[in-house]
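Reproduced below: start27.txt, with compact mmCIF, C-alpha atoms and all ligand atoms.
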```txt
# COMPACT_ATOMS: atom_id res chain seq x y z
CA MET A 1 -14.21 16.70 33.07
CA ALA A 2 -13.07 16.31 36.63
CA ASP A 3 -9.70 17.46 37.91
CA ILE A 4 -7.17 14.87 39.08
CA THR A 5 -4.70 14.99 41.95
CA VAL A 6 -1.17 13.70 41.45
CA HIS A 7 0.95 13.73 44.60
CA ASP A 8 0.21 17.14 46.13
CA LYS A 9 -0.93 18.93 42.98
CA ARG A 10 -4.23 19.37 41.16
CA PHE A 11 -4.45 19.12 37.38
CA SER A 12 -7.25 20.04 34.94
CA VAL A 13 -7.96 18.46 31.55
CA TYR A 14 -6.05 20.27 28.81
CA LEU A 15 -6.10 17.92 25.79
CA SER A 16 -8.87 15.34 25.64
CA GLU A 17 -8.40 11.78 24.48
CA THR A 18 -10.46 12.63 21.37
CA ALA A 19 -8.32 15.64 20.50
CA LEU A 20 -5.14 13.66 21.05
CA GLN A 21 -6.22 10.73 18.87
CA LYS A 22 -7.37 13.05 16.07
CA ARG A 23 -4.05 14.88 16.03
CA ILE A 24 -1.97 11.70 16.32
CA LYS A 25 -3.73 10.27 13.27
CA GLU A 26 -2.96 13.51 11.37
CA LEU A 27 0.72 13.23 12.35
CA ALA A 28 0.85 9.59 11.24
CA ASP A 29 -0.90 10.44 7.96
CA ALA A 30 1.73 13.12 7.26
CA VAL A 31 4.52 10.61 7.94
CA ASN A 32 2.77 8.00 5.78
CA ALA A 33 2.65 10.50 2.91
CA ASP A 34 6.23 11.74 3.30
CA TYR A 35 7.72 8.24 3.42
CA ALA A 36 5.41 6.54 0.89
CA GLY A 37 7.12 3.47 -0.56
CA GLU A 38 9.94 3.63 2.04
CA LYS A 39 10.70 1.71 5.22
CA VAL A 40 11.09 3.72 8.44
CA TYR A 41 12.85 2.84 11.67
CA PHE A 42 11.09 4.57 14.58
CA LEU A 43 12.91 5.30 17.82
CA ALA A 44 10.58 5.95 20.75
CA ILE A 45 12.15 7.62 23.77
CA LEU A 46 11.14 6.03 27.06
CA ASN A 47 9.48 6.38 29.45
CA GLY A 48 7.11 9.16 28.50
CA SER A 49 6.49 8.21 24.86
CA PHE A 50 5.14 4.69 25.40
CA MET A 51 1.44 5.58 24.96
CA PHE A 52 2.01 8.04 22.13
CA ALA A 53 4.25 5.60 20.25
CA ALA A 54 1.72 2.77 20.62
CA ASP A 55 -1.18 4.87 19.26
CA PHE A 56 0.88 6.56 16.54
CA PHE A 57 2.16 3.18 15.33
CA LYS A 58 -1.39 1.90 14.80
CA TYR A 59 -2.05 4.64 12.25
CA LEU A 60 1.04 3.88 10.14
CA THR A 61 0.56 2.22 6.77
CA ILE A 62 4.19 2.34 5.55
CA ASP A 63 6.72 -0.41 6.38
CA SER A 64 7.62 0.44 9.96
CA GLU A 65 10.03 -0.92 12.54
CA ILE A 66 10.21 0.38 16.11
CA CYS A 67 12.71 0.34 18.93
CA PHE A 68 12.12 1.75 22.42
CA ILE A 69 15.18 3.36 23.96
CA LYS A 70 15.91 4.96 27.28
CA LEU A 71 18.19 7.95 27.52
CA ALA A 72 20.54 8.28 30.43
CA SER A 73 21.83 11.75 31.22
CA TYR A 74 25.05 12.32 33.03
CA LYS A 75 25.30 15.82 34.34
CA GLY A 76 28.59 17.44 35.23
CA LEU A 77 30.84 15.19 33.18
CA LYS A 78 31.40 17.90 30.63
CA SER A 79 31.42 21.61 31.13
CA SER A 80 29.05 21.91 28.17
CA GLY A 81 26.25 20.15 30.11
CA ALA A 82 24.67 16.71 29.82
CA VAL A 83 26.09 13.72 28.03
CA THR A 84 23.36 11.37 26.91
CA THR A 85 23.62 7.69 26.05
CA ALA A 86 21.01 5.37 24.65
CA ILE A 87 20.13 2.15 26.43
CA GLY A 88 18.56 -0.46 24.19
CA LEU A 89 19.68 0.85 20.80
CA GLU A 90 21.23 -2.25 19.30
CA GLU A 91 20.45 -1.63 15.64
CA ASP A 92 22.92 0.07 13.32
CA LEU A 93 21.10 3.08 11.85
CA HIS A 94 23.41 3.49 8.85
CA GLY A 95 21.45 4.11 5.64
CA LYS A 96 18.04 3.95 7.37
CA HIS A 97 15.22 6.45 7.50
CA VAL A 98 15.04 7.15 11.25
CA VAL A 99 12.16 8.96 12.96
CA ILE A 100 12.28 9.82 16.66
CA LEU A 101 9.04 9.72 18.64
CA GLU A 102 8.95 12.03 21.68
CA ASP A 103 6.05 12.80 23.99
CA ILE A 104 7.33 16.29 24.83
CA ILE A 105 10.12 18.65 23.94
CA ASP A 106 10.52 21.20 26.72
CA THR A 107 13.96 22.82 27.06
CA GLY A 108 15.20 20.70 24.16
CA LYS A 109 18.20 19.54 26.18
CA THR A 110 17.48 15.80 25.93
CA LEU A 111 17.37 15.62 22.14
CA HIS A 112 19.92 18.36 21.58
CA TYR A 113 22.57 16.20 23.21
CA PHE A 114 21.30 12.91 21.80
CA LEU A 115 20.90 13.81 18.10
CA PRO A 116 24.64 14.01 17.32
CA GLN A 117 25.00 10.40 18.54
CA LEU A 118 22.43 9.32 15.99
CA GLN A 119 23.86 11.50 13.21
CA HIS A 120 27.20 9.84 13.85
CA GLN A 121 25.72 6.55 12.62
CA GLN A 122 24.90 8.21 9.29
CA PRO A 123 21.21 7.38 8.89
CA ARG A 124 19.76 8.07 5.44
CA SER A 125 17.50 10.64 7.06
CA LEU A 126 16.64 11.66 10.62
CA LYS A 127 13.42 13.37 11.63
CA ILE A 128 11.58 14.12 14.87
CA VAL A 129 7.92 13.76 15.76
CA ALA A 130 6.96 15.48 19.02
CA LEU A 131 3.44 15.20 20.38
CA LEU A 132 3.91 18.30 22.58
CA HIS A 133 6.28 21.24 22.22
CA LYS A 134 6.68 23.79 25.03
CA ALA A 135 8.04 26.23 22.48
CA GLU A 136 8.65 29.19 24.78
CA MET A 137 10.87 27.01 27.01
CA THR A 138 13.02 25.55 24.24
CA THR A 139 16.44 27.12 24.57
CA TYR A 140 18.43 24.21 23.10
CA GLU A 141 18.16 23.91 19.34
CA VAL A 142 16.14 20.89 18.21
CA PRO A 143 14.81 20.54 14.64
CA ILE A 144 11.23 19.30 15.10
CA ASP A 145 9.71 18.05 11.84
CA TYR A 146 6.20 17.10 13.02
CA THR A 147 4.58 18.79 16.04
CA GLY A 148 1.30 17.66 17.58
CA PHE A 149 0.55 20.64 19.83
CA VAL A 150 2.51 23.73 20.80
CA ILE A 151 1.70 24.20 24.48
CA PRO A 152 2.31 26.97 27.03
CA ASN A 153 4.81 26.77 29.86
CA LYS A 154 2.67 24.83 32.30
CA PHE A 155 3.48 21.40 33.71
CA VAL A 156 1.49 18.61 32.05
CA VAL A 157 0.74 15.02 33.06
CA GLY A 158 -1.16 12.06 31.64
CA TYR A 159 -0.95 10.01 28.46
CA GLY A 160 2.51 8.76 29.44
CA LEU A 161 3.73 12.00 31.04
CA ASP A 162 4.47 11.93 34.75
CA TYR A 163 4.81 14.18 37.74
CA ASP A 164 7.43 12.59 39.94
CA GLY A 165 6.64 9.08 38.67
CA LEU A 166 2.86 9.27 38.82
CA GLY A 167 0.09 10.36 36.45
CA ARG A 168 1.19 8.50 33.33
CA ASN A 169 -1.92 6.30 33.29
CA TYR A 170 -4.55 8.81 32.08
CA LYS A 171 -6.02 8.87 28.57
CA ASP A 172 -6.17 12.68 28.51
CA ILE A 173 -3.40 15.23 29.10
CA TYR A 174 -3.82 17.46 32.14
CA GLN A 175 -2.31 20.84 32.96
CA LEU A 176 -1.35 22.12 36.41
CA ALA A 177 -4.48 23.82 37.77
CA GLU A 178 -4.52 27.52 38.63
CA GLY A 179 -3.40 28.04 42.22
CA SER A 180 -2.16 24.46 42.62
O1 LIG A 201 13.24 18.92 26.26
P1 LIG A 201 13.61 18.48 27.63
O2 LIG A 201 13.60 19.61 28.64
O3 LIG A 201 14.90 17.71 27.65
O4 LIG A 201 12.44 17.53 28.17
C1 LIG A 201 11.91 16.50 27.40
C2 LIG A 201 12.19 15.16 27.99
O5 LIG A 201 11.61 15.11 29.29
C3 LIG A 201 10.79 13.95 29.38
O6 LIG A 201 11.51 12.85 29.80
P2 LIG A 201 12.00 12.66 31.31
O7 LIG A 201 13.47 13.00 31.39
O8 LIG A 201 11.06 13.40 32.24
O9 LIG A 201 11.90 11.10 31.52
P3 LIG A 201 10.60 10.15 31.42
O10 LIG A 201 10.16 10.16 29.98
O11 LIG A 201 11.13 8.82 31.83
O12 LIG A 201 9.55 10.69 32.36
C4 LIG A 201 10.30 13.74 27.96
O13 LIG A 201 9.89 12.42 27.76
C5 LIG A 201 11.50 14.11 27.14
O14 LIG A 201 12.35 13.02 26.89
O1 LIG A 202 5.52 19.33 31.52
C1 LIG A 202 6.08 18.21 31.63
N1 LIG A 202 5.42 17.16 32.21
C2 LIG A 202 5.99 15.93 32.35
N2 LIG A 202 7.23 15.65 31.96
C3 LIG A 202 7.94 16.64 31.37
N3 LIG A 202 9.20 16.61 30.88
C4 LIG A 202 9.47 17.82 30.42
N4 LIG A 202 8.39 18.65 30.59
C5 LIG A 202 7.42 17.93 31.20
```

Produce structure tokens that represent the structure in this file.
Ligand SMILES: O=P(O)(O)OC[C@H]1O[C@H](OP(=O)(O)OP(=O)(O)O)[C@H](O)[C@@H]1O
Ligand code: HPA
Amino acid sequence: MADITVHDKRFSVYLSETALQKRIKELADAVNADYAGEKVYFLAILNGSFMFAADFFKYLTIDSEICFIKLASYKGLKSSGAVTTAIGLEEDLHGKHVVILEDIIDTGKTLHYFLPQLQHQQPRSLKIVALLHKAEMTTYEVPIDYTGFVIPNKFVVGYGLDYDGLGRNYKDIYQLAEGS
């Protein structure tokens, strides 16, 4: 498949649409099995997860609700690092089975700072589904329950993931090309 150019960089296909859909169905099947007979409240983290969440949701057979939230990071407010707040989370999560949908976990910083906020609401359970995990880059502790693909430390775009705002609109996931 042909390379793409996003801004000034060239990217090559890394995970095809077929491979992505096959794995996403497997992830959804695992969640369907683990929560059989239960209702789950899914929290999809914008912007990157919009395509993944839409496809994943189609494979669910359990009772499922979904809410799309945007995380805002404020750096420098605390010496410990970023403080993250959720925009669009209006539901009280108390007593609910909550599952987070993320397109990628890289350093882990985003979810590491956000999870305590959710735990504070005392959900019945809280799990994480991540389509991609850049495992060697993850220095902040994040308990990932369902992982689509463990990927190397190379920048990826497509299928919702962007490089400086562009590149989200591809069906495949692309990796920064050698020498680009
Ligand atoms: O593990 P981390 O190093 O924190 O990186 C992961 C986060 O980075 C991306 O979001 P981003 O902040 O790029 O926003 P976007 O989804 O709107 O592109 C991705 O969607 C995750 O939320
Ligand atoms: O490799 C990446 N690509 C796009 N967005 C990201 N956010 C964290 N890592 C990445």

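Using all atoms listed in the file, residues with at least one atom at most 6 Å away from any atom of ligand LIG 201 (chain A) are Leu46, Asn47, Gly48, Asp103, Ile104, Ile105, Asp106, Thr107, Gly108, Lys109, Thr110 and Asp162 of chain A.
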
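Taking CA of Gln117 (chain A) as the reference point, CA of Gly37 (chain A) is found at 27.1 Å.
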
To one decimal place in Å, what is the distance between CA of Gln122 (chain A) and CA of Leu60 (chain A)? 24.3 Å

Set the cut-off to 6 Å, count only C-alpha atoms and all ligand atoms, and list whatever residues fall near ligand LIG 202 (chain A) as a list in words. Asp106, Phe155, Val156, Val157, Leu161, Asp162 and Tyr163 of chain A

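Here CA of Glu26 (chain A) and CA of Leu111 (chain A) stand 23.1 Å from one another.
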
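In terms of minimum interatomic distance to His133 (chain A), A:Lys154 ranks closest within A:Lys154, A:His97, A:His120, A:Lys70, counting only C-alpha atoms.
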
Closest atom pairs, residues of region 38-132 of chain A within 12 Å of region 8-23 of chain A, all atoms listed in the file, as a Markdown table:
```
| residue | atom | partner | partner_atom | distance |
| --- | --- | --- | --- | --- |
| A:Met51 | CA | A:Gln21 | CA | 11.1 |
| A:Phe52 | CA | A:Leu20 | CA | 9.2 |
| A:Ala53 | CA | A:Gln21 | CA | 11.7 |
| A:Ala54 | CA | A:Gln21 | CA | 11.4 |
| A:Asp55 | CA | A:Gln21 | CA | 7.7 |
| A:Phe56 | CA | A:Gln21 | CA | 8.6 |
| A:Phe57 | CA | A:Gln21 | CA | 11.8 |
| A:Lys58 | CA | A:Gln21 | CA | 10.9 |
| A:Tyr59 | CA | A:Gln21 | CA | 9.9 |
| A:Asp103 | CA | A:Leu20 | CA | 11.6 |
| A:Ala130 | CA | A:Arg23 | CA | 11.4 |
| A:Leu131 | CA | A:Arg23 | CA | 8.7 |
| A:Leu132 | CA | A:Leu20 | CA | 10.3 |
```

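Using only C-alpha atoms, the smallest distance between any of A:Glu102, A:Asp3, A:Glu178, A:Asp145 and Asp34 (chain A) comes from A:Asp145.
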
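Each of A:Gln121, A:Ile69, A:Ala177, A:Thr84 was compared to Phe50 (chain A) using all atoms listed in the file, and A:Ile69 turns out to be the nearest.
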
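Here the question is which of A:Met1, A:Ile100, A:Ala30, A:Met137 gets nearest to Ser49 (chain A) using all atoms listed in the file, and that residue is A:Ile100.
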
All file atoms of region 146-159 of chain A boxed axis-aligned, 6 Å per side, centre plus edges, as AutoDock Vina command-line options:
```
--center_x 2.5 --center_y 18.5 --center_z 23.4 --size_x 19.4 --size_y 29.0 --size_z 32.7
```

Can you complete the atoms of region 92-112 of chain A to N, CA and C atoms and list them as a PDB file, keeping the file's coordinate frame?
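For reference, part_37.pdb as written:
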```
ATOM      1  N   ASP A  92      22.084  -0.910  14.005  1.00  0.00           N
ATOM      2  CA  ASP A  92      22.920   0.070  13.320  1.00  0.00           C
ATOM      3  C   ASP A  92      21.994   0.907  12.426  1.00  0.00           C
ATOM      4  N   LEU A  93      22.048   2.208  12.563  1.00  0.00           N
ATOM      5  CA  LEU A  93      21.100   3.080  11.850  1.00  0.00           C
ATOM      6  C   LEU A  93      21.616   3.511  10.470  1.00  0.00           C
ATOM      7  N   HIS A  94      22.790   3.062  10.111  1.00  0.00           N
ATOM      8  CA  HIS A  94      23.410   3.490   8.850  1.00  0.00           C
ATOM      9  C   HIS A  94      22.493   3.208   7.655  1.00  0.00           C
ATOM     10  N   GLY A  95      22.235   4.260   6.865  1.00  0.00           N
ATOM     11  CA  GLY A  95      21.450   4.110   5.640  1.00  0.00           C
ATOM     12  C   GLY A  95      19.947   3.993   5.856  1.00  0.00           C
ATOM     13  N   LYS A  96      19.482   4.105   7.107  1.00  0.00           N
ATOM     14  CA  LYS A  96      18.040   3.950   7.370  1.00  0.00           C
ATOM     15  C   LYS A  96      17.338   5.309   7.500  1.00  0.00           C
ATOM     16  N   HIS A  97      16.063   5.301   7.162  1.00  0.00           N
ATOM     17  CA  HIS A  97      15.220   6.450   7.500  1.00  0.00           C
ATOM     18  C   HIS A  97      14.850   6.295   8.974  1.00  0.00           C
ATOM     19  N   VAL A  98      15.291   7.228   9.803  1.00  0.00           N
ATOM     20  CA  VAL A  98      15.040   7.150  11.250  1.00  0.00           C
ATOM     21  C   VAL A  98      14.106   8.283  11.659  1.00  0.00           C
ATOM     22  N   VAL A  99      13.089   7.956  12.431  1.00  0.00           N
ATOM     23  CA  VAL A  99      12.160   8.960  12.960  1.00  0.00           C
ATOM     24  C   VAL A  99      12.049   8.776  14.467  1.00  0.00           C
ATOM     25  N   ILE A 100      12.365   9.847  15.196  1.00  0.00           N
ATOM     26  CA  ILE A 100      12.280   9.820  16.660  1.00  0.00           C
ATOM     27  C   ILE A 100      10.876  10.169  17.108  1.00  0.00           C
ATOM     28  N   LEU A 101      10.362   9.425  18.062  1.00  0.00           N
ATOM     29  CA  LEU A 101       9.040   9.720  18.640  1.00  0.00           C
ATOM     30  C   LEU A 101       9.228  10.195  20.071  1.00  0.00           C
ATOM     31  N   GLU A 102       8.833  11.438  20.336  1.00  0.00           N
ATOM     32  CA  GLU A 102       8.950  12.030  21.680  1.00  0.00           C
ATOM     33  C   GLU A 102       7.577  12.487  22.148  1.00  0.00           C
ATOM     34  N   ASP A 103       7.309  12.296  23.426  1.00  0.00           N
ATOM     35  CA  ASP A 103       6.050  12.800  23.990  1.00  0.00           C
ATOM     36  C   ASP A 103       6.090  14.308  24.146  1.00  0.00           C
ATOM     37  N   ILE A 104       7.252  14.830  24.611  1.00  0.00           N
ATOM     38  CA  ILE A 104       7.330  16.290  24.830  1.00  0.00           C
ATOM     39  C   ILE A 104       8.752  16.781  24.619  1.00  0.00           C
ATOM     40  N   ILE A 105       8.851  17.939  23.988  1.00  0.00           N
ATOM     41  CA  ILE A 105      10.120  18.650  23.940  1.00  0.00           C
ATOM     42  C   ILE A 105       9.912  19.937  24.731  1.00  0.00           C
ATOM     43  N   ASP A 106      10.694  20.077  25.790  1.00  0.00           N
ATOM     44  CA  ASP A 106      10.520  21.200  26.720  1.00  0.00           C
ATOM     45  C   ASP A 106      11.713  22.142  26.529  1.00  0.00           C
ATOM     46  N   THR A 107      12.778  21.965  27.283  1.00  0.00           N
ATOM     47  CA  THR A 107      13.960  22.820  27.060  1.00  0.00           C
ATOM     48  C   THR A 107      14.688  22.432  25.783  1.00  0.00           C
ATOM     49  N   GLY A 108      14.503  21.193  25.351  1.00  0.00           N
ATOM     50  CA  GLY A 108      15.200  20.700  24.160  1.00  0.00           C
ATOM     51  C   GLY A 108      16.510  20.001  24.478  1.00  0.00           C
ATOM     52  N   LYS A 109      16.882  20.051  25.769  1.00  0.00           N
ATOM     53  CA  LYS A 109      18.200  19.540  26.180  1.00  0.00           C
ATOM     54  C   LYS A 109      18.384  18.055  25.839  1.00  0.00           C
ATOM     55  N   THR A 110      17.362  17.248  26.125  1.00  0.00           N
ATOM     56  CA  THR A 110      17.480  15.800  25.930  1.00  0.00           C
ATOM     57  C   THR A 110      17.865  15.478  24.487  1.00  0.00           C
ATOM     58  N   LEU A 111      17.105  15.973  23.544  1.00  0.00           N
ATOM     59  CA  LEU A 111      17.370  15.620  22.140  1.00  0.00           C
ATOM     60  C   LEU A 111      18.569  16.369  21.586  1.00  0.00           C
ATOM     61  N   HIS A 112      18.785  17.586  22.060  1.00  0.00           N
ATOM     62  CA  HIS A 112      19.920  18.360  21.580  1.00  0.00           C
ATOM     63  C   HIS A 112      21.223  17.595  21.776  1.00  0.00           C
TER      64      HIS A 112
END
```
